[in-house]
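The structure file work35.cif is reproduced below (mmCIF, C-alpha atoms and all ligand atoms).
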```cif
data_entry
loop_
_atom_site.group_PDB
_atom_site.id
_atom_site.type_symbol
_atom_site.label_atom_id
_atom_site.label_comp_id
_atom_site.auth_asym_id
_atom_site.auth_seq_id
_atom_site.Cartn_x
_atom_site.Cartn_y
_atom_site.Cartn_z
ATOM 1 C CA MET A 1 141.075 90.183 140.556
ATOM 2 C CA PRO A 2 140.240 87.193 138.355
ATOM 3 C CA GLU A 3 142.284 86.815 135.194
ATOM 4 C CA PRO A 4 140.353 86.876 131.926
ATOM 5 C CA SER A 5 138.737 83.550 131.232
ATOM 6 C CA SER A 6 139.742 81.826 128.001
ATOM 7 C CA PRO A 7 136.459 81.314 126.208
ATOM 8 C CA LYS A 8 136.112 78.352 123.891
ATOM 9 C CA PRO A 9 135.131 79.287 120.336
ATOM 10 C CA ASP A 10 132.069 77.008 120.314
ATOM 11 C CA ILE A 11 130.597 78.596 123.426
ATOM 12 C CA HIS A 12 128.436 81.678 123.180
ATOM 13 C CA ALA A 13 129.528 84.726 125.139
ATOM 14 C CA ILE A 14 125.995 85.443 126.329
ATOM 15 C CA ARG A 15 122.785 83.454 126.221
ATOM 16 C CA LEU A 16 119.585 84.752 127.756
ATOM 17 C CA ALA A 17 116.603 82.407 127.881
ATOM 18 C CA ALA A 18 113.349 84.127 128.855
ATOM 19 C CA ALA A 19 115.293 86.205 131.381
ATOM 20 C CA THR A 20 112.401 88.077 132.982
ATOM 21 C CA VAL A 21 112.467 91.308 134.927
ATOM 22 C CA SER A 22 109.315 92.418 136.726
ATOM 23 C CA PHE A 23 108.848 96.044 137.590
ATOM 24 C CA LYS A 24 105.696 97.224 139.334
ATOM 25 C CA ASP A 25 103.718 97.848 136.167
ATOM 26 C CA LYS A 26 105.545 95.815 133.522
ATOM 27 C CA ASN A 27 107.529 92.717 132.629
ATOM 28 C CA LEU A 28 110.600 92.701 130.393
ATOM 29 C CA VAL A 29 111.580 89.358 128.858
ATOM 30 C CA PHE A 30 114.926 88.894 127.149
ATOM 31 C CA ASP A 31 115.925 86.100 124.784
ATOM 32 C CA CYS A 32 119.167 86.293 122.843
ATOM 33 C CA THR A 33 122.390 84.552 121.941
ATOM 34 C CA ILE A 34 125.542 86.547 121.367
ATOM 35 C CA PRO A 35 128.622 84.920 119.875
ATOM 36 C CA GLN A 36 132.007 85.437 121.437
ATOM 37 C CA GLY A 37 133.893 88.344 119.856
ATOM 38 C CA ALA A 38 130.777 90.023 118.452
ATOM 39 C CA SER A 39 130.244 93.778 118.454
ATOM 40 C CA VAL A 40 126.540 94.271 119.059
ATOM 41 C CA ALA A 41 124.601 97.523 118.740
ATOM 42 C CA VAL A 42 121.652 97.614 121.118
ATOM 43 C CA THR A 43 118.976 99.954 119.785
ATOM 44 C CA GLY A 44 115.359 100.789 120.517
ATOM 45 C CA PRO A 45 113.117 103.618 121.685
ATOM 46 C CA SER A 46 113.573 105.365 124.998
ATOM 47 C CA GLY A 47 112.215 103.245 127.839
ATOM 48 C CA ALA A 48 112.260 100.040 125.753
ATOM 49 C CA GLY A 49 114.584 98.173 128.136
ATOM 50 C CA LYS A 50 118.130 98.615 126.810
ATOM 51 C CA SER A 51 119.749 99.623 130.108
ATOM 52 C CA THR A 52 117.746 96.957 131.906
ATOM 53 C CA LEU A 53 119.139 94.339 129.520
ATOM 54 C CA PHE A 54 122.670 95.453 130.422
ATOM 55 C CA ASN A 55 121.878 95.347 134.118
ATOM 56 C CA VAL A 56 120.541 91.814 133.733
ATOM 57 C CA ILE A 57 123.714 90.660 131.978
ATOM 58 C CA ALA A 58 126.008 92.434 134.458
ATOM 59 C CA GLY A 59 124.036 91.176 137.462
ATOM 60 C CA PHE A 60 122.785 94.510 138.809
ATOM 61 C CA GLN A 61 119.176 93.641 137.982
ATOM 62 C CA PRO A 62 117.841 90.365 139.409
ATOM 63 C CA ILE A 63 115.644 88.243 137.167
ATOM 64 C CA ARG A 64 112.429 86.682 138.357
ATOM 65 C CA SER A 65 112.664 83.679 136.041
ATOM 66 C CA GLY A 66 114.609 82.404 133.036
ATOM 67 C CA SER A 67 118.382 82.257 132.820
ATOM 68 C CA VAL A 68 121.522 84.217 132.035
ATOM 69 C CA GLU A 69 124.468 82.177 130.805
ATOM 70 C CA ILE A 70 127.887 83.638 130.164
ATOM 71 C CA PHE A 71 130.460 81.491 128.394
ATOM 72 C CA GLY A 72 128.227 78.516 129.064
ATOM 73 C CA LYS A 73 127.938 79.097 132.818
ATOM 74 C CA ASP A 74 124.704 79.907 134.584
ATOM 75 C CA MET A 75 125.100 83.264 136.356
ATOM 76 C CA ALA A 76 122.324 82.637 138.914
ATOM 77 C CA GLY A 77 123.490 83.799 142.323
ATOM 78 C CA ARG A 78 126.604 85.513 140.976
ATOM 79 C CA ASP A 79 127.190 89.119 141.982
ATOM 80 C CA PRO A 80 128.337 91.655 139.368
ATOM 81 C CA ALA A 81 131.932 91.416 140.645
ATOM 82 C CA GLU A 82 131.888 87.663 140.020
ATOM 83 C CA ARG A 83 130.808 87.939 136.390
ATOM 84 C CA PRO A 84 133.265 88.232 133.480
ATOM 85 C CA VAL A 85 131.631 91.529 132.515
ATOM 86 C CA SER A 86 132.518 95.217 132.722
ATOM 87 C CA ILE A 87 129.898 97.886 132.299
ATOM 88 C CA VAL A 88 130.437 101.555 131.540
ATOM 89 C CA PHE A 89 127.358 103.460 132.641
ATOM 90 C CA GLN A 90 125.823 106.416 130.871
ATOM 91 C CA GLU A 91 126.873 108.824 133.594
ATOM 92 C CA ASN A 92 130.393 107.632 133.848
ATOM 93 C CA ASN A 93 130.568 107.723 137.625
ATOM 94 C CA LEU A 94 134.016 109.167 138.153
ATOM 95 C CA PHE A 95 134.973 110.275 141.633
ATOM 96 C CA ALA A 96 135.492 114.038 141.544
ATOM 97 C CA HIS A 97 138.049 114.095 144.378
ATOM 98 C CA LEU A 98 140.280 111.429 142.810
ATOM 99 C CA THR A 99 142.755 111.882 139.968
ATOM 100 C CA VAL A 100 142.270 110.248 136.600
ATOM 101 C CA GLU A 101 144.915 107.672 137.533
ATOM 102 C CA GLN A 102 143.160 106.841 140.806
ATOM 103 C CA ASN A 103 139.767 106.623 139.122
ATOM 104 C CA VAL A 104 141.190 104.079 136.693
ATOM 105 C CA GLY A 105 143.074 102.255 139.479
ATOM 106 C CA LEU A 106 139.739 101.601 141.203
ATOM 107 C CA GLY A 107 139.045 99.098 138.450
ATOM 108 C CA ILE A 108 141.907 96.995 139.810
ATOM 109 C CA ASP A 109 141.633 97.546 143.555
ATOM 110 C CA PRO A 110 138.884 99.507 145.328
ATOM 111 C CA SER A 111 141.351 100.411 148.098
ATOM 112 C CA LEU A 112 143.845 101.681 145.495
ATOM 113 C CA ARG A 113 146.783 99.689 146.824
ATOM 114 C CA LEU A 114 148.425 99.055 143.469
ATOM 115 C CA ASP A 115 151.703 97.226 142.955
ATOM 116 C CA ALA A 116 154.032 97.922 140.019
ATOM 117 C CA ASP A 117 152.036 95.618 137.756
ATOM 118 C CA GLY A 118 148.796 97.406 138.663
ATOM 119 C CA ARG A 119 150.311 100.824 138.031
ATOM 120 C CA GLY A 120 151.605 99.565 134.675
ATOM 121 C CA ARG A 121 148.096 98.385 133.761
ATOM 122 C CA VAL A 122 146.680 101.806 134.619
ATOM 123 C CA ASP A 123 149.303 103.562 132.463
ATOM 124 C CA ASP A 124 148.643 101.158 129.610
ATOM 125 C CA ALA A 125 144.869 101.657 129.778
ATOM 126 C CA LEU A 126 145.256 105.436 129.878
ATOM 127 C CA SER A 127 147.468 105.467 126.831
ATOM 128 C CA ARG A 128 145.124 103.081 124.974
ATOM 129 C CA ALA A 129 142.267 105.439 125.741
ATOM 130 C CA GLY A 130 144.303 108.363 124.394
ATOM 131 C CA LEU A 131 144.768 109.838 127.857
ATOM 132 C CA GLY A 132 148.539 109.597 128.278
ATOM 133 C CA GLY A 133 149.660 112.583 130.371
ATOM 134 C CA PHE A 134 146.198 113.106 131.927
ATOM 135 C CA GLY A 135 146.811 110.853 134.947
ATOM 136 C CA GLN A 136 147.167 113.603 137.563
ATOM 137 C CA ARG A 137 144.147 115.636 136.483
ATOM 138 C CA LYS A 138 140.820 115.618 138.284
ATOM 139 C CA PRO A 139 137.619 114.833 136.336
ATOM 140 C CA ALA A 140 136.524 118.497 136.466
ATOM 141 C CA GLN A 141 139.595 119.379 134.406
ATOM 142 C CA LEU A 142 138.498 117.138 131.533
ATOM 143 C CA SER A 143 136.013 117.475 128.691
ATOM 144 C CA GLY A 144 132.929 115.244 128.588
ATOM 145 C CA GLY A 145 134.567 113.031 125.966
ATOM 146 C CA GLU A 146 137.740 112.696 128.018
ATOM 147 C CA ARG A 147 135.750 111.742 131.106
ATOM 148 C CA GLN A 148 134.021 109.073 129.075
ATOM 149 C CA ARG A 149 137.399 107.715 128.037
ATOM 150 C CA VAL A 150 138.532 107.601 131.687
ATOM 151 C CA ALA A 151 135.492 105.450 132.453
ATOM 152 C CA LEU A 152 136.427 103.257 129.506
ATOM 153 C CA ALA A 153 140.034 103.010 130.751
ATOM 154 C CA ARG A 154 138.712 101.840 134.105
ATOM 155 C CA ALA A 155 136.784 99.107 132.303
ATOM 156 C CA ILE A 156 139.889 98.201 130.275
ATOM 157 C CA VAL A 157 142.040 97.570 133.376
ATOM 158 C CA ARG A 158 139.477 95.092 134.658
ATOM 159 C CA ARG A 159 140.273 92.843 131.683
ATOM 160 C CA ARG A 160 136.865 91.229 131.550
ATOM 161 C CA PRO A 161 136.057 89.528 128.238
ATOM 162 C CA ILE A 162 132.625 91.179 127.912
ATOM 163 C CA LEU A 163 132.270 94.952 127.780
ATOM 164 C CA LEU A 164 128.884 96.672 128.024
ATOM 165 C CA LEU A 165 128.760 100.353 127.094
ATOM 166 C CA ASP A 166 125.628 102.356 127.831
ATOM 167 C CA GLU A 167 125.518 105.140 125.215
ATOM 168 C CA PRO A 168 129.291 105.596 124.899
ATOM 169 C CA PHE A 169 128.822 108.157 122.138
ATOM 170 C CA ALA A 170 126.042 110.257 123.653
ATOM 171 C CA ALA A 171 128.148 113.121 125.029
ATOM 172 C CA LEU A 172 130.506 113.312 122.065
ATOM 173 C CA ASP A 173 130.676 115.613 119.066
ATOM 174 C CA PRO A 174 130.915 114.003 115.602
ATOM 175 C CA ALA A 175 134.735 113.930 115.472
ATOM 176 C CA MET A 176 134.952 112.449 118.960
ATOM 177 C CA ARG A 177 132.296 109.864 118.076
ATOM 178 C CA ALA A 178 134.496 108.624 115.249
ATOM 179 C CA ASP A 179 137.548 108.540 117.559
ATOM 180 C CA MET A 180 135.667 106.613 120.238
ATOM 181 C CA ALA A 181 134.378 104.106 117.663
ATOM 182 C CA ALA A 182 137.924 103.603 116.355
ATOM 183 C CA LEU A 183 139.216 103.137 119.891
ATOM 184 C CA LEU A 184 136.554 100.543 120.687
ATOM 185 C CA ALA A 185 137.143 98.692 117.425
ATOM 186 C CA GLN A 186 140.865 98.553 118.152
ATOM 187 C CA LEU A 187 140.297 97.419 121.721
ATOM 188 C CA ARG A 188 137.980 94.675 120.583
ATOM 189 C CA GLU A 189 140.494 93.455 118.025
ATOM 190 C CA GLU A 190 143.416 93.480 120.450
ATOM 191 C CA THR A 191 141.607 91.777 123.315
ATOM 192 C CA ASN A 192 139.130 89.654 121.349
ATOM 193 C CA SER A 193 136.448 90.899 123.709
ATOM 194 C CA THR A 194 132.706 90.841 123.139
ATOM 195 C CA LEU A 195 131.240 94.319 122.930
ATOM 196 C CA LEU A 196 127.650 95.464 123.419
ATOM 197 C CA PHE A 197 126.859 99.145 123.091
ATOM 198 C CA ILE A 198 123.637 101.094 123.352
ATOM 199 C CA THR A 199 123.089 103.790 120.772
ATOM 200 C CA HIS A 200 120.294 105.896 119.305
ATOM 201 C CA GLN A 201 122.298 106.693 116.156
ATOM 202 C CA LEU A 202 122.260 104.561 113.035
ATOM 203 C CA GLU A 203 125.693 105.904 112.142
ATOM 204 C CA ASP A 204 127.226 104.328 115.263
ATOM 205 C CA VAL A 205 125.608 101.004 114.397
ATOM 206 C CA GLN A 206 127.078 101.046 110.903
ATOM 207 C CA ARG A 207 130.462 102.167 112.158
ATOM 208 C CA LEU A 208 131.106 99.688 114.928
ATOM 209 C CA ALA A 209 128.632 96.795 114.990
ATOM 210 C CA ASP A 210 128.706 93.450 113.236
ATOM 211 C CA ARG A 211 125.354 92.538 114.773
ATOM 212 C CA ALA A 212 122.469 94.586 116.074
ATOM 213 C CA MET A 213 119.330 94.179 118.119
ATOM 214 C CA PHE A 214 116.198 96.268 118.397
ATOM 215 C CA ILE A 215 114.421 96.306 121.740
ATOM 216 C CA ASP A 216 110.807 97.405 121.840
ATOM 217 C CA ARG A 217 108.494 97.507 124.848
ATOM 218 C CA GLY A 218 110.546 95.142 126.961
ATOM 219 C CA LEU A 219 111.284 92.504 124.309
ATOM 220 C CA ILE A 220 114.163 91.944 121.906
ATOM 221 C CA ALA A 221 111.980 92.440 118.859
ATOM 222 C CA PHE A 222 114.699 91.675 116.314
ATOM 223 C CA ALA A 223 118.375 90.621 116.460
ATOM 224 C CA ALA A 224 120.540 89.759 113.478
ATOM 225 C CA PRO A 225 123.901 90.171 111.777
ATOM 226 C CA LEU A 226 124.308 93.789 110.687
ATOM 227 C CA GLU A 227 123.396 93.416 107.010
ATOM 228 C CA THR A 228 120.181 91.526 107.787
ATOM 229 C CA PHE A 229 119.315 94.041 110.490
ATOM 230 C CA LEU A 230 119.688 96.978 108.132
ATOM 231 C CA GLU A 231 117.527 95.289 105.500
ATOM 232 C CA HIS A 232 114.696 94.324 107.853
ATOM 233 C CA ARG A 233 111.437 96.045 106.963
ATOM 234 C CA ARG A 234 108.829 94.280 109.026
ATOM 235 C CA LEU A 235 108.908 96.320 112.208
ATOM 236 C CA PRO A 236 107.491 99.830 111.919
ATOM 237 C CA ALA A 237 109.439 101.013 115.002
ATOM 238 C CA LEU A 238 112.673 99.658 113.536
ATOM 239 C CA ASN A 239 111.856 101.307 110.199
ATOM 240 C CA ASP A 240 111.634 104.597 112.071
ATOM 241 C CA PHE A 241 115.068 104.005 113.568
ATOM 242 C CA LEU A 242 116.479 103.053 110.166
ATOM 243 C CA GLY A 243 114.965 106.173 108.630
ATOM 244 C CA ILE A 244 112.751 104.190 106.251
ATOM 245 C CA ASP A 245 109.583 105.945 105.072
ATOM 246 C CA ARG A 246 106.520 103.827 105.529
HETATM 247 N N1 LIG B 1 114.064 100.183 138.933
HETATM 248 C C1 LIG B 1 112.988 100.345 138.170
HETATM 249 N N2 LIG B 1 111.743 100.304 138.699
HETATM 250 C C2 LIG B 1 110.639 100.432 137.942
HETATM 251 N N3 LIG B 1 110.681 100.608 136.599
HETATM 252 C C3 LIG B 1 111.885 100.673 136.023
HETATM 253 C C4 LIG B 1 113.110 100.545 136.753
HETATM 254 N N4 LIG B 1 114.154 100.621 135.899
HETATM 255 C C5 LIG B 1 113.615 100.810 134.667
HETATM 256 N N5 LIG B 1 112.264 100.830 134.748
HETATM 257 C C6 LIG B 1 111.343 100.976 133.612
HETATM 258 O O1 LIG B 1 111.604 99.932 132.696
HETATM 259 C C7 LIG B 1 111.546 100.409 131.361
HETATM 260 C C8 LIG B 1 112.882 100.166 130.660
HETATM 261 O O2 LIG B 1 113.853 101.063 131.209
HETATM 262 P P1 LIG B 1 115.317 101.151 130.613
HETATM 263 O O3 LIG B 1 116.075 102.146 131.422
HETATM 264 O O4 LIG B 1 115.875 99.788 130.506
HETATM 265 O O5 LIG B 1 115.027 101.738 129.146
HETATM 266 P P2 LIG B 1 116.052 102.202 128.020
HETATM 267 O O6 LIG B 1 115.660 101.499 126.779
HETATM 268 O O7 LIG B 1 117.460 102.017 128.496
HETATM 269 O O8 LIG B 1 115.694 103.753 127.910
HETATM 270 P P3 LIG B 1 116.600 105.042 127.518
HETATM 271 O O9 LIG B 1 116.941 104.915 126.051
HETATM 272 O O10 LIG B 1 115.652 106.185 127.758
HETATM 273 O O11 LIG B 1 117.797 105.050 128.418
HETATM 274 C C9 LIG B 1 111.162 101.873 131.441
HETATM 275 O O12 LIG B 1 109.776 101.972 131.275
HETATM 276 C C10 LIG B 1 111.569 102.260 132.841
HETATM 277 O O13 LIG B 1 110.764 103.310 133.329
#
```

Written as structure tokens, that's how I'd like the structure from this file.
Amino acid sequence: MPEPSSPKPDIHAIRLAAATVSFKDKNLVFDCTIPQGASVAVTGPSGAGKSTLFNVIAGFQPIRSGSVEIFGKDMAGRDPAERPVSIVFQENNLFAHLTVEQNVGLGIDPSLRLDADGRGRVDDALSRAGLGGFGQRKPAQLSGGERQRVALARAIVRRRPILLLDEPFAALDPAMRADMAALLAQLREETNSTLLFITHQLEDVQRLADRAMFIDRGLIAFAAPLETFLEHRRLPALNDFLGIDR
């Protein structure tokens, strides 16, 4: 497993330049620059391209043209495993037959041959995610919110400097949403990682983001520091999201 890279402060975490995805009936074109250490809310209507953006950054979705740079390096030809990125999918993809501990251990070694250091990392990630004592349970014995935190713990053990979270709050009740936001904020502070999270809720944006972007019909229609984002009034679709009457 690669160790975390040590990003230089003057280098952006992510830079997309006309990174273009072509599906049968549509093109999606992404341009954005994300500073290292940012916490970015990714918003926009259903089907706008939010998950596709994550897949482009993580390397699961090939681009037809344009470029994806991470910490100043062109990611062309690099598989997801070779990128300094972890992604937590919407369905958190836990293996039902494995314990919580084993599911998290997969983030370190797919064959689950963990040495003492690896086992220590798993324990540490579980306790960070508020799952101390849950290691021997199977996913079916957990609540939806706990399963989400197991998926997060698996991302934590990978120690990649960029963390992409596809709707991390979706399955959570209001109290759990606040807990998850606090956990992510703490994680970001402790590891100085760059966080991008997809959400449909303005409350999550205000709680966790210092920047936000609004994706509409396959384009990043607006991206800005949080305050500027919340004050923007020129995009009707964004006004809808912000709850502004037109
Ligand atoms: N593999 C694919 N083949 C063809 N079209 C696709 C594929 N993946 C996504 N799309 C289309 O691209 C568009 C963007 O999809 P995407 O999943 O990125 O949207 P989203 O903003 O994440 O939506 P949601 O909020 O509903 O999850 C949608 O119209 C979707 O149907």

Decode the PyMOL selection byres (((not hetatm)) within 10 of (chain B and resi 1)) for the given file into explicit residues and return them as a compact mmCIF listing (two decimals) with C-alpha atoms, in the frame of the given file.
```txt
# COMPACT_ATOMS: atom_id res chain seq x y z
CA VAL A 21 112.47 91.31 134.93
CA SER A 22 109.32 92.42 136.73
CA PHE A 23 108.85 96.04 137.59
CA LYS A 24 105.70 97.22 139.33
CA ASP A 25 103.72 97.85 136.17
CA LYS A 26 105.54 95.82 133.52
CA ASN A 27 107.53 92.72 132.63
CA LEU A 28 110.60 92.70 130.39
CA VAL A 42 121.65 97.61 121.12
CA THR A 43 118.98 99.95 119.78
CA GLY A 44 115.36 100.79 120.52
CA PRO A 45 113.12 103.62 121.68
CA SER A 46 113.57 105.36 125.00
CA GLY A 47 112.22 103.24 127.84
CA ALA A 48 112.26 100.04 125.75
CA GLY A 49 114.58 98.17 128.14
CA LYS A 50 118.13 98.62 126.81
CA SER A 51 119.75 99.62 130.11
CA THR A 52 117.75 96.96 131.91
CA LEU A 53 119.14 94.34 129.52
CA PHE A 54 122.67 95.45 130.42
CA ASN A 55 121.88 95.35 134.12
CA VAL A 56 120.54 91.81 133.73
CA GLN A 61 119.18 93.64 137.98
CA GLN A 90 125.82 106.42 130.87
CA ASP A 166 125.63 102.36 127.83
CA GLU A 167 125.52 105.14 125.22
CA ILE A 198 123.64 101.09 123.35
CA THR A 199 123.09 103.79 120.77
CA HIS A 200 120.29 105.90 119.30
CA PHE A 214 116.20 96.27 118.40
CA ILE A 215 114.42 96.31 121.74
CA ASP A 216 110.81 97.40 121.84
CA ARG A 217 108.49 97.51 124.85
CA GLY A 218 110.55 95.14 126.96
```

Between CA of Ala212 in chain A and CA of Ala185 in chain A, what is the distance in Å, rounded to a tenth?
15.3 Å

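Each of A:Ser65, A:Leu131, A:Lys138, A:Pro161 was checked against Ile14 in chain A using only C-alpha atoms; the smallest atom-to-atom distance is that of A:Pro161.
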
When the PyMOL selection byres (((chain A and resi 73) around 12) and not hetatm) is applied to the file above, which residues end up in the set, as a JSON list (two decimals) with C-alpha atoms, keeping the file's coordinate frame?
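Printed below is expr.json as written:
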```
[["chain", "number", "residue", "atom", "x", "y", "z"],
["A", 5, "SER", "CA", 138.74, 83.55, 131.23],
["A", 7, "PRO", "CA", 136.46, 81.31, 126.21],
["A", 11, "ILE", "CA", 130.60, 78.60, 123.43],
["A", 12, "HIS", "CA", 128.44, 81.68, 123.18],
["A", 13, "ALA", "CA", 129.53, 84.73, 125.14],
["A", 14, "ILE", "CA", 126.00, 85.44, 126.33],
["A", 15, "ARG", "CA", 122.78, 83.45, 126.22],
["A", 16, "LEU", "CA", 119.58, 84.75, 127.76],
["A", 67, "SER", "CA", 118.38, 82.26, 132.82],
["A", 68, "VAL", "CA", 121.52, 84.22, 132.04],
["A", 69, "GLU", "CA", 124.47, 82.18, 130.80],
["A", 70, "ILE", "CA", 127.89, 83.64, 130.16],
["A", 71, "PHE", "CA", 130.46, 81.49, 128.39],
["A", 72, "GLY", "CA", 128.23, 78.52, 129.06],
["A", 74, "ASP", "CA", 124.70, 79.91, 134.58],
["A", 75, "MET", "CA", 125.10, 83.26, 136.36],
["A", 76, "ALA", "CA", 122.32, 82.64, 138.91],
["A", 77, "GLY", "CA", 123.49, 83.80, 142.32],
["A", 78, "ARG", "CA", 126.60, 85.51, 140.98],
["A", 82, "GLU", "CA", 131.89, 87.66, 140.02],
["A", 83, "ARG", "CA", 130.81, 87.94, 136.39],
["A", 84, "PRO", "CA", 133.26, 88.23, 133.48]]
```

Which residue out of A:Glu231, A:Asp179, A:Glu190, A:Asp115 has the minimum interatomic distance to Arg207 in chain A when all atoms listed in the file are used?
A:Asp179

Show me, as a PDB file with C-alpha atoms, in the coordinates of the input, the residues that have an atom within 10 Å of Asn93 in chain A when counting all atoms listed in the file, minus same-chain residues fewer than 2 positions from it.
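The result, stored in part21.pdb:
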```pdb
ATOM      1  CA  VAL A  88     130.437 101.555 131.540  1.00  0.00           C
ATOM      2  CA  PHE A  89     127.358 103.460 132.641  1.00  0.00           C
ATOM      3  CA  GLN A  90     125.823 106.416 130.871  1.00  0.00           C
ATOM      4  CA  GLU A  91     126.873 108.824 133.594  1.00  0.00           C
ATOM      5  CA  PHE A  95     134.973 110.275 141.633  1.00  0.00           C
ATOM      6  CA  ALA A  96     135.492 114.038 141.544  1.00  0.00           C
ATOM      7  CA  ASN A 103     139.767 106.623 139.122  1.00  0.00           C
ATOM      8  CA  ARG A 147     135.750 111.742 131.106  1.00  0.00           C
ATOM      9  CA  GLN A 148     134.021 109.073 129.075  1.00  0.00           C
ATOM     10  CA  VAL A 150     138.532 107.601 131.687  1.00  0.00           C
ATOM     11  CA  ALA A 151     135.492 105.450 132.453  1.00  0.00           C
TER      12      ALA A 151
END
```

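The closest residue to Thr194 in chain A, picked from A:Ala209, A:Ile108, A:Leu98, A:Cys32 and counting only C-alpha atoms, is A:Ala209.
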
Please reconstruct the missing atoms of range 11-31 of chain A (target: N, CA and C atoms) and return them as a compact mmCIF listing (two decimals), in the frame of the given file.
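What follows is the written file part26.txt:
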```txt
# COMPACT_ATOMS: atom_id res chain seq x y z
N ILE A 11 131.51 78.18 122.36
CA ILE A 11 130.60 78.60 123.43
C ILE A 11 130.20 80.05 123.20
N HIS A 12 128.90 80.31 123.35
CA HIS A 12 128.44 81.68 123.18
C HIS A 12 128.90 82.54 124.34
N ALA A 13 129.14 83.81 124.06
CA ALA A 13 129.53 84.73 125.14
C ALA A 13 128.35 84.91 126.10
N ILE A 14 127.18 85.16 125.50
CA ILE A 14 126.00 85.44 126.33
C ILE A 14 124.80 84.68 125.77
N ARG A 15 124.05 84.06 126.66
CA ARG A 15 122.78 83.45 126.22
C ARG A 15 121.71 83.76 127.28
N LEU A 16 120.70 84.47 126.85
CA LEU A 16 119.58 84.75 127.76
C LEU A 16 118.39 83.93 127.30
N ALA A 17 117.78 83.20 128.22
CA ALA A 17 116.60 82.41 127.88
C ALA A 17 115.45 82.87 128.76
N ALA A 18 114.51 83.58 128.15
CA ALA A 18 113.35 84.13 128.85
C ALA A 18 113.75 84.76 130.19
N ALA A 19 114.84 85.51 130.16
CA ALA A 19 115.29 86.20 131.38
C ALA A 19 114.31 87.34 131.66
N THR A 20 113.57 87.22 132.75
CA THR A 20 112.40 88.08 132.98
C THR A 20 112.61 89.01 134.17
N VAL A 21 112.40 90.29 133.88
CA VAL A 21 112.47 91.31 134.93
C VAL A 21 111.05 91.80 135.16
N SER A 22 110.65 91.89 136.42
CA SER A 22 109.32 92.42 136.73
C SER A 22 109.45 93.71 137.49
N PHE A 23 109.00 94.80 136.86
CA PHE A 23 108.85 96.04 137.59
C PHE A 23 107.38 96.13 137.98
N LYS A 24 107.06 97.14 138.79
CA LYS A 24 105.70 97.22 139.33
C LYS A 24 104.62 97.05 138.26
N ASP A 25 104.80 97.81 137.16
CA ASP A 25 103.72 97.85 136.17
C ASP A 25 104.07 97.15 134.86
N LYS A 26 105.21 96.47 134.80
CA LYS A 26 105.54 95.82 133.52
C LYS A 26 106.56 94.69 133.68
N ASN A 27 106.52 93.78 132.72
CA ASN A 27 107.53 92.72 132.63
C ASN A 27 108.41 92.97 131.42
N LEU A 28 109.69 92.67 131.54
CA LEU A 28 110.60 92.70 130.39
C LEU A 28 111.16 91.29 130.26
N VAL A 29 111.16 90.75 129.05
CA VAL A 29 111.58 89.36 128.86
C VAL A 29 112.63 89.31 127.75
N PHE A 30 113.82 88.85 128.11
CA PHE A 30 114.93 88.89 127.15
C PHE A 30 115.35 87.49 126.71
N ASP A 31 115.39 87.32 125.40
CA ASP A 31 115.92 86.10 124.78
C ASP A 31 116.97 86.51 123.77
```
